[in-house]
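Engineer: Handing you this structure, nothing more for now.
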Amino acid sequence: MLQEWSQLPWLSLIVFSPILGVIVLLLVPKDRRRFIQVIGAGTALISLLLSLLVYIGTRNAGMVQALTERYDWISIPLNLDLARPQGIASWSFQIPYHLAIDGLSLPLVLMTAIIAFGAACASWSIRHRLKTYMICFLLLEVGMLGVFMARDLFLFFMFFEWTLVPLFFLIGIWGGMKREQAANRFLVYNGIGSALMLVAFMIITATAGFGIDPAASHKGQFIYSGELPFLLQQLQQQGSLAMMQLPDNPFYLSEGWKMGAFVLLLIAFGIKLPMFPFHTWMLRVHAEAPAPIVMLHSGVLLKMGAYGLIQFGMVLLPTQMAAFAKFIAVLGVINILYGALLALVQKEWRLVLAYSSMSHMGFILFGAAAMNEIGLQGAVLQMVSHGFISALFFLLIGALYERTSTTRLGELGGLVASAPWLSGLLLLAGLASLGLPGLSQFPAELLALIGLFDSMPIPAILGALGLVLSAAYVLRAVLRTTYGTPSRGNERLYDLRSIDAVPAVMLGIGIIILGIWPGLVQAPIEAGIEQVIHVLTVRG
Amino acid sequence: MDTIVQPLQWSDLAVLAPELTLVLAAIIITLLDLFVPKKWNREWSGVLSLLSLGAALGFVIWTIVDRIALVQQGGTLETIQLLNHSYRVDDFALWIKVLLLIGAALIVLMSLKAPANANLGHRSEYYYLLLPAVLGAMMLASAGDLITLFIGLELISITTYILVGIKKDSRGLEGAFKYLVLGGAASAFILYGMSFLYGMSGSTNLMEIGRMLNLHAAAYEPLIYVSFVLLLVGIGFKIASAPFHMWAPEVYEASPSPIASLLAVIAKAASLVLLFRLAFNVFLRLTAADDQASDQLLFLYQDLSTIMLVLAAVSMIVGTTMALREHRVKRVLALSGIANTGYLLVPIALNMLGAGTPYSDSFASFWYYLAAYLFAVIGAFAVWIIVERQSSMREQSTFAGLYHRSPWLALAMTVFMLSLAGIPITAGFVGKLYILLGALATKALWIAVVMMLTSAVSFYVYFGFMRQMYMRQGERDKVGFAFPQQAVVVLCLAGVIGLGLIPNLPLNWIHLVFSVPADIFTQ
């Protein structure tokens with residue numbers, strides 16, 4: 001089906017479909033609440049349907065790499081007068097608009113669209129300045145979808161950085177009591193992260209990215225480009241400038257520069273992931289941001305760091321990744337255990353979940369550090385699975401807050417009596433989160449652990465302790481909320497309404513399907529990972 | 001070099017049309033101001049200045065279009081030199097003049113019908129002082145001789161000394177006095193540095209100085225350092241780069257907003273252009289002139305370049321960190337200007353690292369970043385003029401709740417701030433990316449890291465405006481604003497977004513006509 005339609009710019013349609021909603025919203029007066037809500041959710045639904053269509057289409061045709069879109073965009077001609085290079089007639093710096101979906105990004109795009117739809121539905125609970133909220137929300141969705149599709153370092157950076165702005169407003173305007181501090185901290189941490197990322201990208205582009213223009217009409221036309229396929233070709237080709245160690249070759253990408261670039265990337269993505277010493281901003285965001293935004297933040301935005309580490313760090317600089325694998329695995333252990341232990345003592349639902357996110361992101365680090373097929377499959381599966389689980393959690397926490405006006409564990413209890421659906425789904429999310437077989441987290445974490453066990457058994461064993469701890473903290477939080485006696489004033493709560501139930505059930509089904517049939521997303525992931533593994537083996 | 005002094009020909013006047021337009025307009029406004037009765041509204045002098053700036057801009061663009069067409073037809077470009085090589089009309093000068101004139105026109109436009117508390121004093125006086133300032137800036141861009149350079153510099157300095165104090169209240173006068181004293185000292189430094197250049201070479205002509213220094217670099221080495229450092233200190237004051245920046249926040253604060261933006265954009269740009277010319281002609285020309293520069297010369301360049309990069313880094317760090325604790329709007333913009341001076345110094349310095357590195361693009365990246373900075377800062381000042389009329393406060397909190405009062409204005413301010421912060425699809429982002437490419441092509445990793453880290457930290461500063469506009473409660477009254485300011489905001493918005501989305505367009509044209517040997521090196 002998709003083939004006949006393949007002329008259409010599917011990827012751009014997915015990425016920019018939310019813009020359509022923004023335009024409509026701009027024309028709507030701000031007191032038409034219901035209309036704005038419908039437009040917001042409807043727009044998110046459109047991009048969900050589009051990405052579902054692409055997902056089905058690409059799977060059927062077995063053409064995982066088939067969907068690409070590439071247009072020339074920025075091309076800055078560079079002056080030659082002082083450089084006097086030999087054999088170069090012209091050079092320029094190019095940023096093409098290059099989107100593509102491969103096996104690695106396909107599940108993540110679909111996950112993003114699903115969670116965004118869920119979060120748009122959950123935004124029913126937003127009370128004030130709904131129109132501005134929805135506009136920011138949709139702009140954020142553009143950035144998130146773009147991140148997973150961009151195939152040029154700088155285009156990726158633009159989408160990545162773009163998410164900062166709407167998210168800053170979403171946290172700072174609609175957050176809790178300390179929303180402004182949370183927004184500031186988020187902004188500065190992530191700003192520093194992306195600044196370092198840009199430096200790393202530019203190091204790679206200024207060396208490995210320099211080569212003969214593939215579209216050249218004359219001899220001697222060279223470009224600087226951060227386009228991923230171009231970079232890979234340059235790095236794998238033996239005779240390319242970046243590989244030649246000559247005393248007067250300014251384009252030689254030495255081991256020292258590679259190491260520098262990798263460290264910068266590790267810090268940049270580590271902040272987003274978040275990795276152990278850089279996690280404080282994310283706790284604040286979890287604690288302060290409105291629930292639908294935390295769904296996106298915890299569900300999607302954290303994955304951008306993990307995705308970047310695999311898609312850019314590992315693919316472009318595999319030897320450095322291998323050199324750092326042990327270090328990353330150790331960081332993974334710290335993430336898992338530190339997060340789990342702290343989750344055990346939190347008195348606030350949001351913080352339990354924040355630390356639990358941190359703990360689960362450790363398994364993604366495991367999968368990446370394993371650097372083999374199984375480990376990577378686990379890592380990607382974990383991204384999708386944790387995306388669904390944390391989105392479901394925060395959807396329910398948001399619903400809970402709407403009913404009880406509190407998310408403190410001590411003030412909750414006995415929820416099951418009055419709101420069985422809410423409690424049931426909360427239990428489902430909890431069980432998934434603790435890694436119950438049959439639910440999505442189990443295969444993901446299992447694969448990551450098995451993958452790592454091959455090369456580094458000790459971190460893997462230590463990490464497995466995290467599973468035990470997660471059972472403890474999840475059950476503690478869930479059971480305190482659902483059983484026991486209801487606190488005063490919370491005896492009669494209404495259960496989920498259809499507007500909460502639809503996304504909640506959708507996410508729940510996603511978790512179950514992924515758990516019993518991980519092959520559904522594993523097949524495309526496998527195809528994506530084969531490319532990564534191919535790169536790894538080709539380049540040692 | 002021929003030493004016969006060539007007098008100005010009639011045909012040369014056509015080449016000088018942009019400058020002469022401004023001179024003429026300034027004279028006409030002065031005379032009219034004398035003879036027109038006091039009771040009459042002085043708004044016409046602003047309109048007249050705007051027209052003259054527009055005409056000058058038209059002349060410049062006409063010349064540029066001519067030159068582009070000539071290249072496209074396969075012709076070769078010639079640099080027009082006047083008055084014994086002391087005044088040059090080349091692509092460097094022309095493209096810089098485009099920016100200067102656009103900036104000046106926007107500033108005049110935002111001063112039209114400016115609210116009373118912008119306090120532009122006796123209106124005509126403001127305009128006939130502003131035009132010579134722009135003229136001085138244009139002379140700096142075109143100068144091929146130390147004398148021309150200095151006259152241009154003094155023209156812009158002296159007019160701005162008066163303009164800062166135009167309010168004639170105590171604060172304005174204090175600011176003007178500070179500016180005068182420090183500016184005078186800076187001019188003295190520059191003059192002293194120039195005297196060394198003259199002493200070493202026996203000429204005031206930039207090309208001649210460069211040639212002589214190149215020949216005798218070994219003998220003059222210590223003196224080259226001395227003159228360079230003296231010049232850099234003097235220019236450092238003029239461009240407000242740390243550690244010579246202390247005057248900037250106070251003087252901006254003391255002067256009316258349009259004049260503060262004149263200082264922040266036109267005066268700063270002009271002095272940076274001066275540094276650009278000097279650095280290339282006098283101190284760099286040498287590797288380009290002969291291929292086998294001695295190792296000693298290379299060391300010299302690297303030293304000079306490193307000194308400049310350190311100055312740049314200090315500016316970025318000081319400007320950004322001081323802005324973190326500042327709440328007064330004009331001071332924040334002044335400090336942001338200091339940080340941006342640092343970014344603008346980077347491309348100038350990088351080429352001096354030059355030799356053997358794959359980088360020679362400092363002019364285009366300098367021009368582009370300057371354009372990005374110009375639109376964002378003038379736009380921000382225009383918004384501030386609109387906002388400040390509502391209250392006598394000078395704090396950022398005047399912006400509180402602007403989004404509720406006037407959403408489009410808040411949105412425009414947001415875009416300007418995003419551009420200054422370097423967020424994608426604005427001009428500021430591409431500008432920083434472009435400079436970053438140069439830094440890493442020359443393997444100057446440290447300056448790249450300082451640049452990006454300070455720009456990340458500066459998010460906090462620029463988003464401070466957003467915090468006020470969107471997250472705080474402020475006054476309830478709608479913001480009323482006159483058409484001219486509105487037009488400035490819209491034009492700047494178009495500039496910021498347009499340059500960010502299609503940077504290729506102007507850069508392709510520059511690439512077409514511009515070449516370092518013909519346009520920067522005077523010959």
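Scheme for the structure tokens: letters A, B, ... for chains in order shown; per-chain residue numbers from 1; ligand numbers from 1 in order shown.
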Output as JSON, numbers by chain all residues of stretch 186-237 of chain A that backbone DSSP marks as strand (DSSP E or B).
Structural biologist: {"A": [210, 211, 212, 221, 222, 223, 224, 225, 227]}
Engineer: Based on DSSP run over this structure's backbone, return all residues of stretch 147-331 of chain A in helix (DSSP H, G or I), as a PyMOL selection string.
Structural biologist: chain A and resi 147-149+153-162+164-174+179-207+228-236+241-243+255-272+276-278+280-288+291-316+318-331
Engineer: Could you pull the residues within 6 Å of A:Ile511, counting only C-alpha atoms, minus those fewer than 3 positions along the same chain, as a ChimeraX atom specification?
Structural biologist: /A:439-440,508,514
Engineer: With all heavy atoms kept, could you save the residues just selected as a PDB file, in the first residue's frame?
Structural biologist:
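What follows is the written file out.pdb:
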```pdb
ATOM      1  N   LEU A 439       5.220  -9.269  30.505  1.00  0.00           N
ATOM      2  CA  LEU A 439       5.065  -7.834  30.274  1.00  0.00           C
ATOM      3  C   LEU A 439       6.364  -7.293  29.680  1.00  0.00           C
ATOM      4  O   LEU A 439       7.413  -7.937  29.745  1.00  0.00           O
ATOM      5  CB  LEU A 439       4.707  -7.121  31.573  1.00  0.00           C
ATOM      6  CG  LEU A 439       3.374  -7.582  32.164  1.00  0.00           C
ATOM      7  CD1 LEU A 439       3.127  -6.931  33.506  1.00  0.00           C
ATOM      8  CD2 LEU A 439       2.225  -7.278  31.219  1.00  0.00           C
ATOM      9  N   SER A 440       6.286  -6.098  29.143  1.00  0.00           N
ATOM     10  CA  SER A 440       7.321  -5.657  28.214  1.00  0.00           C
ATOM     11  C   SER A 440       8.711  -5.522  28.825  1.00  0.00           C
ATOM     12  O   SER A 440       9.711  -5.750  28.164  1.00  0.00           O
ATOM     13  CB  SER A 440       6.912  -4.319  27.619  1.00  0.00           C
ATOM     14  OG  SER A 440       6.835  -3.361  28.643  1.00  0.00           O
ATOM     15  N   GLY A 508      -1.488   0.254  28.232  1.00  0.00           N
ATOM     16  CA  GLY A 508      -1.470  -1.046  28.900  1.00  0.00           C
ATOM     17  C   GLY A 508      -1.398  -2.167  27.884  1.00  0.00           C
ATOM     18  O   GLY A 508      -0.601  -3.114  28.023  1.00  0.00           O
ATOM     19  N   LEU A 514       3.948  -6.058  23.879  1.00  0.00           N
ATOM     20  CA  LEU A 514       5.410  -6.102  23.824  1.00  0.00           C
ATOM     21  C   LEU A 514       5.945  -7.235  24.687  1.00  0.00           C
ATOM     22  O   LEU A 514       6.975  -7.821  24.384  1.00  0.00           O
ATOM     23  CB  LEU A 514       5.996  -4.781  24.318  1.00  0.00           C
ATOM     24  CG  LEU A 514       6.173  -3.692  23.295  1.00  0.00           C
ATOM     25  CD1 LEU A 514       6.855  -2.499  23.946  1.00  0.00           C
ATOM     26  CD2 LEU A 514       7.012  -4.191  22.143  1.00  0.00           C
TER      27      LEU A 514
END
```
Engineer: For atom CA of A:Leu253 and atom CA of A:Leu241, quote the distance in Å rounded to one decimal.
Structural biologist: 8.5 Å
Engineer: For chain A against chain B, which residues fall within 7 Å using only C-alpha atoms, given as a ChimeraX atom specification?
Structural biologist: /A:74-83,158,161-162,172-173,184,188,191-192,195-196,199,202-203,206,250
Engineer: Between A:Leu266, A:Phe324, A:Ser125, A:Ala444, single out the one closest to A:Ile397, counting only C-alpha atoms.
Structural biologist: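 Closest to A:Ile397 of all the choices is A:Ser125.
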Engineer: Could you pull the residues within 9 Å of A:Tyr338, counting only C-alpha atoms, minus those fewer than 3 positions along the same chain, as a list of chain:residue names?
Structural biologist: A:Phe276, A:Val333, A:Ile334, A:Asn335, A:Leu341, A:Leu342, A:Ala343, A:Tyr355, A:Met358, A:Ser359
Engineer: One number please: atom CA of B:Phe416 to atom CA of B:Ala380, in Å, one decimal.
Structural biologist: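 Separating atom CA of B:Phe416 from atom CA of B:Ala380 is a distance of 6.3 Å.
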Engineer: Got a sec: who's within 6 Å of stretch 212-227 of chain A, counting only C-alpha atoms, leaving out chain neighbours fewer than 3 positions off, as a list in words?
Structural biologist: Gly87, Ile88, Ala89, Ser90, Trp91, Ser92, Phe93, Gln94, Asp152, Leu153, Thr205, Gly209 and Phe230 of chain A
Engineer: I'd like the neighbourhood of A:Leu344 as a VMD selection string, where a residue qualifies if any of its atoms comes within 12 Å (using only C-alpha atoms), though same-chain residues fewer than 3 positions away should be ignored.
Structural biologist: chain A and resid 337 to 341 347 to 349 351 to 356 359 409 466 468 to 477
Engineer: If we count only C-alpha atoms, what is near stretch 197-207 of chain B at a cut-off of 7 Å, once residues fewer than 3 positions away on the same chain are taken out, given as a ChimeraX atom specification?
Structural biologist: /B:86,144-147,193-194,210-213,227,281-282,522-523
Engineer: Could you tell me how far atom CA of A:Met456 lies from atom CA of A:Phe366, in Å and to one decimal?
Structural biologist: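 About the pair atom CA of A:Met456 and atom CA of A:Phe366: they are 9.7 Å apart.
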Engineer: Between B:Leu149, B:Leu409, B:Ile96, B:Leu51, single out the one closest to B:Met469, counting only C-alpha atoms.
Structural biologist: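 Closest to B:Met469 of all the choices is B:Leu409.
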